[in-house]
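*Asks:* First the structure, which I've put down as C-alpha cells, then a few questions once you've had a look.
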Amino acid sequence: MKVVYRCEEPGCRWEFDNPNTCVAHEGQPRFGPNVKVGDIVTLEKCFGWYNGDAKWIRNYEDHKGRLEKDAHLDFKLPRQKCPKGHGNCFDSCCNLEFYWVVTAVTKAQHRWRIHVASKAVRRYRPAASHIHGYTYPQGHLTCRVVAKPPRAVVAAGKRLIGMEFDNLL
Ligand SMILES: [Zn+2]
Ligand SMILES: [Zn+2]
C-alpha cells in the first residue's frame, strides 16, 4: 500500500508522497504574485556567462575586468574563491546578475506563474530569441523588483511584454 497526498484545490492534479510538501504546495495561492507585468526584476540565481546585451547585466561593471572570451559562450567569468564563502556560488558576488522583465503573470491550476525574459543571453533556437521562462512567487527563483532599472532595459523590455513561456526556469 502506498499513501499519496493529493492537492485539494479544484482542478489540480498534483500528488505528493509527503504531507508537508503537499500542504506547502496548497499554500501557494497565499503567495500572490509579488510582481506586475512590466516590472524589471532580478532572480536569486545568477549566470556565469553571457552572449547577449551587457546592458541587461546589473553588476556588469563589477565583473567586466574578469570576463574572458570563450569559444562556446562568448564571455564567461572564471571561477574564483567566493568572497562570501559559498561553496558553489550562484550569487552576484561571483556571477553576472541579469535584469529580467516580467512579460506576463498567469495562473496554472491554482499556482501563479511569473513569466520573465532577459536579453542578457541570446538563444540560438528559436533563432534570435532571448533566454526566458516562468517561475513562482515562492519556492523557485524568487523575483526581486529593481527600484530604478536602467531606461534602456525598461524600453527594450516593453517589446517583450505579453509573451508567455512553457519552460520552468
Ligand atoms: Zn495544487
Ligand atoms: Zn560568491
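Simple scheme: letters A, B, ... for chains in C-alpha cells order, numbers from 1 for residues in each chain, numbers from 1 for ligands in the order shown.
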Can I get the residues close to ligand 1 as a PyMOL selection string, where close means within 10 Å and we count only C-alpha atoms and all ligand atoms?

*Replies:* chain A and resi 6-15+22-29+108-111

*Asks:* Output N, CA and C atoms of each residue in that selection to a file, as a PDB file, in the first residue's frame.

*Replies:*
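Dumped to result.pdb:
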```pdb
ATOM      1  N   ARG A   6      -2.983  14.279  -2.000  1.00  0.00           N
ATOM      2  CA  ARG A   6      -3.415  14.951  -3.222  1.00  0.00           C
ATOM      3  C   ARG A   6      -3.849  16.374  -2.898  1.00  0.00           C
ATOM      4  N   CYS A   7      -3.444  17.303  -3.706  1.00  0.00           N
ATOM      5  CA  CYS A   7      -3.849  18.699  -3.539  1.00  0.00           C
ATOM      6  C   CYS A   7      -5.370  18.811  -3.629  1.00  0.00           C
ATOM      7  N   GLU A   8      -5.976  19.578  -2.704  1.00  0.00           N
ATOM      8  CA  GLU A   8      -7.439  19.693  -2.656  1.00  0.00           C
ATOM      9  C   GLU A   8      -7.996  20.828  -3.500  1.00  0.00           C
ATOM     10  N   GLU A   9      -7.135  21.608  -4.110  1.00  0.00           N
ATOM     11  CA  GLU A   9      -7.639  22.706  -4.957  1.00  0.00           C
ATOM     12  C   GLU A   9      -8.345  22.112  -6.178  1.00  0.00           C
ATOM     13  N   PRO A  10      -9.542  22.662  -6.496  1.00  0.00           N
ATOM     14  CA  PRO A  10     -10.277  22.116  -7.644  1.00  0.00           C
ATOM     15  C   PRO A  10      -9.442  22.187  -8.919  1.00  0.00           C
ATOM     16  N   GLY A  11      -9.447  21.121  -9.646  1.00  0.00           N
ATOM     17  CA  GLY A  11      -8.759  21.104 -10.946  1.00  0.00           C
ATOM     18  C   GLY A  11      -7.280  20.782 -10.861  1.00  0.00           C
ATOM     19  N   CYS A  12      -6.737  20.737  -9.648  1.00  0.00           N
ATOM     20  CA  CYS A  12      -5.303  20.488  -9.506  1.00  0.00           C
ATOM     21  C   CYS A  12      -5.052  18.998  -9.340  1.00  0.00           C
ATOM     22  N   ARG A  13      -4.127  18.463 -10.106  1.00  0.00           N
ATOM     23  CA  ARG A  13      -3.871  17.022 -10.049  1.00  0.00           C
ATOM     24  C   ARG A  13      -2.534  16.685  -9.407  1.00  0.00           C
ATOM     25  N   TRP A  14      -1.901  17.639  -8.753  1.00  0.00           N
ATOM     26  CA  TRP A  14      -0.595  17.356  -8.151  1.00  0.00           C
ATOM     27  C   TRP A  14      -0.743  16.394  -6.973  1.00  0.00           C
ATOM     28  N   GLU A  15       0.175  15.417  -6.890  1.00  0.00           N
ATOM     29  CA  GLU A  15       0.181  14.440  -5.795  1.00  0.00           C
ATOM     30  C   GLU A  15       1.564  14.402  -5.156  1.00  0.00           C
ATOM     31  N   CYS A  22       2.853  18.660   0.399  1.00  0.00           N
ATOM     32  CA  CYS A  22       1.522  18.870  -0.161  1.00  0.00           C
ATOM     33  C   CYS A  22       0.882  20.133   0.415  1.00  0.00           C
ATOM     34  N   VAL A  23       0.970  20.290   1.736  1.00  0.00           N
ATOM     35  CA  VAL A  23       0.393  21.478   2.381  1.00  0.00           C
ATOM     36  C   VAL A  23       1.095  22.743   1.884  1.00  0.00           C
ATOM     37  N   ALA A  24       2.399  22.667   1.734  1.00  0.00           N
ATOM     38  CA  ALA A  24       3.156  23.831   1.232  1.00  0.00           C
ATOM     39  C   ALA A  24       2.709  24.183  -0.179  1.00  0.00           C
ATOM     40  N   HIS A  25       2.480  23.158  -0.973  1.00  0.00           N
ATOM     41  CA  HIS A  25       2.014  23.376  -2.353  1.00  0.00           C
ATOM     42  C   HIS A  25       0.631  24.035  -2.340  1.00  0.00           C
ATOM     43  N   GLU A  26      -0.272  23.533  -1.491  1.00  0.00           N
ATOM     44  CA  GLU A  26      -1.624  24.106  -1.426  1.00  0.00           C
ATOM     45  C   GLU A  26      -1.587  25.557  -0.960  1.00  0.00           C
ATOM     46  N   GLY A  27      -0.577  25.891  -0.185  1.00  0.00           N
ATOM     47  CA  GLY A  27      -0.454  27.256   0.331  1.00  0.00           C
ATOM     48  C   GLY A  27       0.010  28.254  -0.707  1.00  0.00           C
ATOM     49  N   GLN A  28       0.395  27.784  -1.878  1.00  0.00           N
ATOM     50  CA  GLN A  28       0.948  28.681  -2.901  1.00  0.00           C
ATOM     51  C   GLN A  28       0.084  29.908  -3.206  1.00  0.00           C
ATOM     52  N   PRO A  29      -1.258  29.744  -3.288  1.00  0.00           N
ATOM     53  CA  PRO A  29      -2.044  30.922  -3.668  1.00  0.00           C
ATOM     54  C   PRO A  29      -1.920  32.065  -2.671  1.00  0.00           C
ATOM     55  N   ALA A 108      -1.723  28.729 -13.448  1.00  0.00           N
ATOM     56  CA  ALA A 108      -1.878  27.373 -13.959  1.00  0.00           C
ATOM     57  C   ALA A 108      -2.448  26.562 -12.805  1.00  0.00           C
ATOM     58  N   GLN A 109      -3.642  26.001 -12.981  1.00  0.00           N
ATOM     59  CA  GLN A 109      -4.392  25.476 -11.849  1.00  0.00           C
ATOM     60  C   GLN A 109      -4.459  26.602 -10.813  1.00  0.00           C
ATOM     61  N   HIS A 110      -3.952  26.401  -9.617  1.00  0.00           N
ATOM     62  CA  HIS A 110      -4.054  27.491  -8.637  1.00  0.00           C
ATOM     63  C   HIS A 110      -2.707  28.121  -8.328  1.00  0.00           C
ATOM     64  N   ARG A 111      -1.711  27.829  -9.132  1.00  0.00           N
ATOM     65  CA  ARG A 111      -0.392  28.411  -8.872  1.00  0.00           C
ATOM     66  C   ARG A 111      -0.123  29.567  -9.826  1.00  0.00           C
TER      67      ARG A 111
END
```

*Asks:* Report as a tab-separated table the residues of chain A within 10 Å of ligand 2, each with its shortest atom pair and distance in Å (one decimal), using only C-alpha atoms and all ligand atoms, ordered by chain and increasing residue number.

*Replies:*
```
residue	atom	partner	partner_atom_place_in_ligand_line	distance
A:Arg79	CA	ligand 2	1 (Zn)	9.6
A:Gln80	CA	ligand 2	1 (Zn)	8.1
A:Lys81	CA	ligand 2	1 (Zn)	7.4
A:Cys82	CA	ligand 2	1 (Zn)	3.9
A:Pro83	CA	ligand 2	1 (Zn)	5.7
A:Lys84	CA	ligand 2	1 (Zn)	5.5
A:Gly85	CA	ligand 2	1 (Zn)	6.7
A:His86	CA	ligand 2	1 (Zn)	5.7
A:Gly87	CA	ligand 2	1 (Zn)	8.2
A:Asn88	CA	ligand 2	1 (Zn)	7.8
A:Cys89	CA	ligand 2	1 (Zn)	4.7
A:Phe90	CA	ligand 2	1 (Zn)	6.6
A:Asp91	CA	ligand 2	1 (Zn)	5.3
A:Ser92	CA	ligand 2	1 (Zn)	6.5
A:Cys93	CA	ligand 2	1 (Zn)	4.3
A:Cys94	CA	ligand 2	1 (Zn)	4.2
A:Asn95	CA	ligand 2	1 (Zn)	7.2
```

*Asks:* Give me the residues within 12 Å of Trp49 in chain A as JSON, numbers by chain, counting only C-alpha atoms and dropping any in the same chain fewer than 4 places off.

*Replies:* {"A": [53, 54, 57, 60, 63, 64, 66, 67, 68, 69, 70, 71, 72, 73, 74, 75, 76, 77, 78, 79, 90, 94, 95, 96, 97, 98, 120, 121, 122]}

*Asks:* May I have the residues from that selection written out with C-alpha atoms, as an mmCIF file, in the first residue's frame?

*Replies:*
```
data_model
loop_
_atom_site.group_PDB
_atom_site.id
_atom_site.type_symbol
_atom_site.label_atom_id
_atom_site.label_comp_id
_atom_site.auth_asym_id
_atom_site.auth_seq_id
_atom_site.Cartn_x
_atom_site.Cartn_y
_atom_site.Cartn_z
ATOM 1 C CA ASP A 53 23.280 42.614 -24.337
ATOM 2 C CA ALA A 54 25.513 43.685 -21.429
ATOM 3 C CA ILE A 57 23.562 42.714 -16.528
ATOM 4 C CA TYR A 60 28.461 44.224 -15.296
ATOM 5 C CA HIS A 63 32.905 41.926 -13.184
ATOM 6 C CA LYS A 64 33.838 43.168 -16.622
ATOM 7 C CA ARG A 66 37.396 39.395 -15.194
ATOM 8 C CA LEU A 67 35.325 38.364 -18.231
ATOM 9 C CA GLU A 68 37.104 36.031 -20.655
ATOM 10 C CA LYS A 69 36.379 35.303 -24.283
ATOM 11 C CA ASP A 70 35.072 31.770 -24.631
ATOM 12 C CA ALA A 71 34.772 29.790 -27.845
ATOM 13 C CA HIS A 72 31.338 28.396 -26.929
ATOM 14 C CA LEU A 73 29.748 31.039 -24.757
ATOM 15 C CA ASP A 74 31.149 34.373 -25.966
ATOM 16 C CA PHE A 75 32.024 35.674 -22.494
ATOM 17 C CA LYS A 76 32.327 33.888 -19.182
ATOM 18 C CA LEU A 77 33.638 34.553 -15.708
ATOM 19 C CA PRO A 78 36.486 32.368 -14.480
ATOM 20 C CA ARG A 79 35.790 30.602 -11.200
ATOM 21 C CA PHE A 90 25.270 31.385 -7.639
ATOM 22 C CA CYS A 94 30.790 35.563 -8.220
ATOM 23 C CA ASN A 95 28.318 35.741 -11.119
ATOM 24 C CA LEU A 96 26.544 38.041 -13.530
ATOM 25 C CA GLU A 97 23.176 39.181 -12.221
ATOM 26 C CA PHE A 98 20.716 39.665 -15.067
ATOM 27 C CA ALA A 120 21.487 39.195 -21.472
ATOM 28 C CA VAL A 121 21.537 35.794 -23.162
ATOM 29 C CA ARG A 122 20.601 35.028 -26.760
#
```

*Asks:* Looking only at the backbone, which of the residues in range 11-167 of chain A does DSSP tag as strand (DSSP E), as a PDB file with C-alpha atoms, in the first residue's frame?

*Replies:*
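File result37.pdb, as written:
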```
ATOM      1  CA  GLU A  15       0.181  14.440  -5.795  1.00  0.00           C
ATOM      2  CA  PHE A  16       2.844  14.112  -3.128  1.00  0.00           C
ATOM      3  CA  ILE A  40      12.208  44.740 -14.072  1.00  0.00           C
ATOM      4  CA  VAL A  41      13.420  42.123 -11.601  1.00  0.00           C
ATOM      5  CA  THR A  42      16.492  40.143 -10.640  1.00  0.00           C
ATOM      6  CA  LEU A  43      16.364  36.452  -9.747  1.00  0.00           C
ATOM      7  CA  TRP A  49      28.369  33.844 -18.731  1.00  0.00           C
ATOM      8  CA  TYR A  50      26.519  35.926 -21.269  1.00  0.00           C
ATOM      9  CA  GLU A  68      37.104  36.031 -20.655  1.00  0.00           C
ATOM     10  CA  LYS A  69      36.379  35.303 -24.283  1.00  0.00           C
ATOM     11  CA  ASP A  70      35.072  31.770 -24.631  1.00  0.00           C
ATOM     12  CA  ASP A  74      31.149  34.373 -25.966  1.00  0.00           C
ATOM     13  CA  PHE A  75      32.024  35.674 -22.494  1.00  0.00           C
ATOM     14  CA  LYS A  76      32.327  33.888 -19.182  1.00  0.00           C
ATOM     15  CA  TRP A 100      14.582  40.247 -16.339  1.00  0.00           C
ATOM     16  CA  VAL A 101      11.338  41.822 -17.477  1.00  0.00           C
ATOM     17  CA  VAL A 102       8.049  40.371 -16.227  1.00  0.00           C
ATOM     18  CA  THR A 103       6.258  39.659 -19.511  1.00  0.00           C
ATOM     19  CA  ALA A 104       3.080  38.073 -18.079  1.00  0.00           C
ATOM     20  CA  VAL A 105       1.533  36.813 -14.848  1.00  0.00           C
ATOM     21  CA  THR A 106      -0.779  33.825 -15.313  1.00  0.00           C
ATOM     22  CA  LYS A 107      -2.317  31.067 -13.223  1.00  0.00           C
ATOM     23  CA  ALA A 108      -1.878  27.373 -13.959  1.00  0.00           C
ATOM     24  CA  ARG A 111      -0.392  28.411  -8.872  1.00  0.00           C
ATOM     25  CA  TRP A 112       0.737  31.806 -10.091  1.00  0.00           C
ATOM     26  CA  ARG A 113       3.273  31.773 -12.862  1.00  0.00           C
ATOM     27  CA  ILE A 114       5.556  34.738 -13.390  1.00  0.00           C
ATOM     28  CA  HIS A 115       6.897  34.821 -16.944  1.00  0.00           C
ATOM     29  CA  VAL A 116      10.233  36.566 -17.394  1.00  0.00           C
ATOM     30  CA  ALA A 117      12.694  37.210 -20.208  1.00  0.00           C
ATOM     31  CA  SER A 118      16.189  38.704 -20.333  1.00  0.00           C
ATOM     32  CA  LYS A 119      18.210  39.966 -23.267  1.00  0.00           C
ATOM     33  CA  ALA A 120      21.487  39.195 -21.472  1.00  0.00           C
ATOM     34  CA  VAL A 121      21.537  35.794 -23.162  1.00  0.00           C
ATOM     35  CA  ARG A 122      20.601  35.028 -26.760  1.00  0.00           C
ATOM     36  CA  ARG A 123      19.263  31.613 -27.532  1.00  0.00           C
ATOM     37  CA  SER A 129      15.133  34.779 -29.163  1.00  0.00           C
ATOM     38  CA  HIS A 130      16.353  35.550 -25.659  1.00  0.00           C
ATOM     39  CA  ILE A 131      16.505  33.487 -22.537  1.00  0.00           C
ATOM     40  CA  HIS A 132      13.104  33.190 -20.884  1.00  0.00           C
ATOM     41  CA  GLY A 133      10.825  31.013 -18.780  1.00  0.00           C
ATOM     42  CA  TYR A 134       8.473  31.137 -15.847  1.00  0.00           C
ATOM     43  CA  THR A 135       8.993  30.964 -12.111  1.00  0.00           C
ATOM     44  CA  CYS A 143      11.928  37.681  -8.156  1.00  0.00           C
ATOM     45  CA  ARG A 144      13.191  40.903  -6.585  1.00  0.00           C
ATOM     46  CA  VAL A 145      11.826  44.094  -8.088  1.00  0.00           C
TER      47      VAL A 145
END
```

*Asks:* So which residues touch Lys148 in chain A within 12 Å, counting only C-alpha atoms, skipping near sequence neighbours fewer than 5 positions away, as a ChimeraX atom specification?

*Replies:* /A:39-41,58,99,153-154
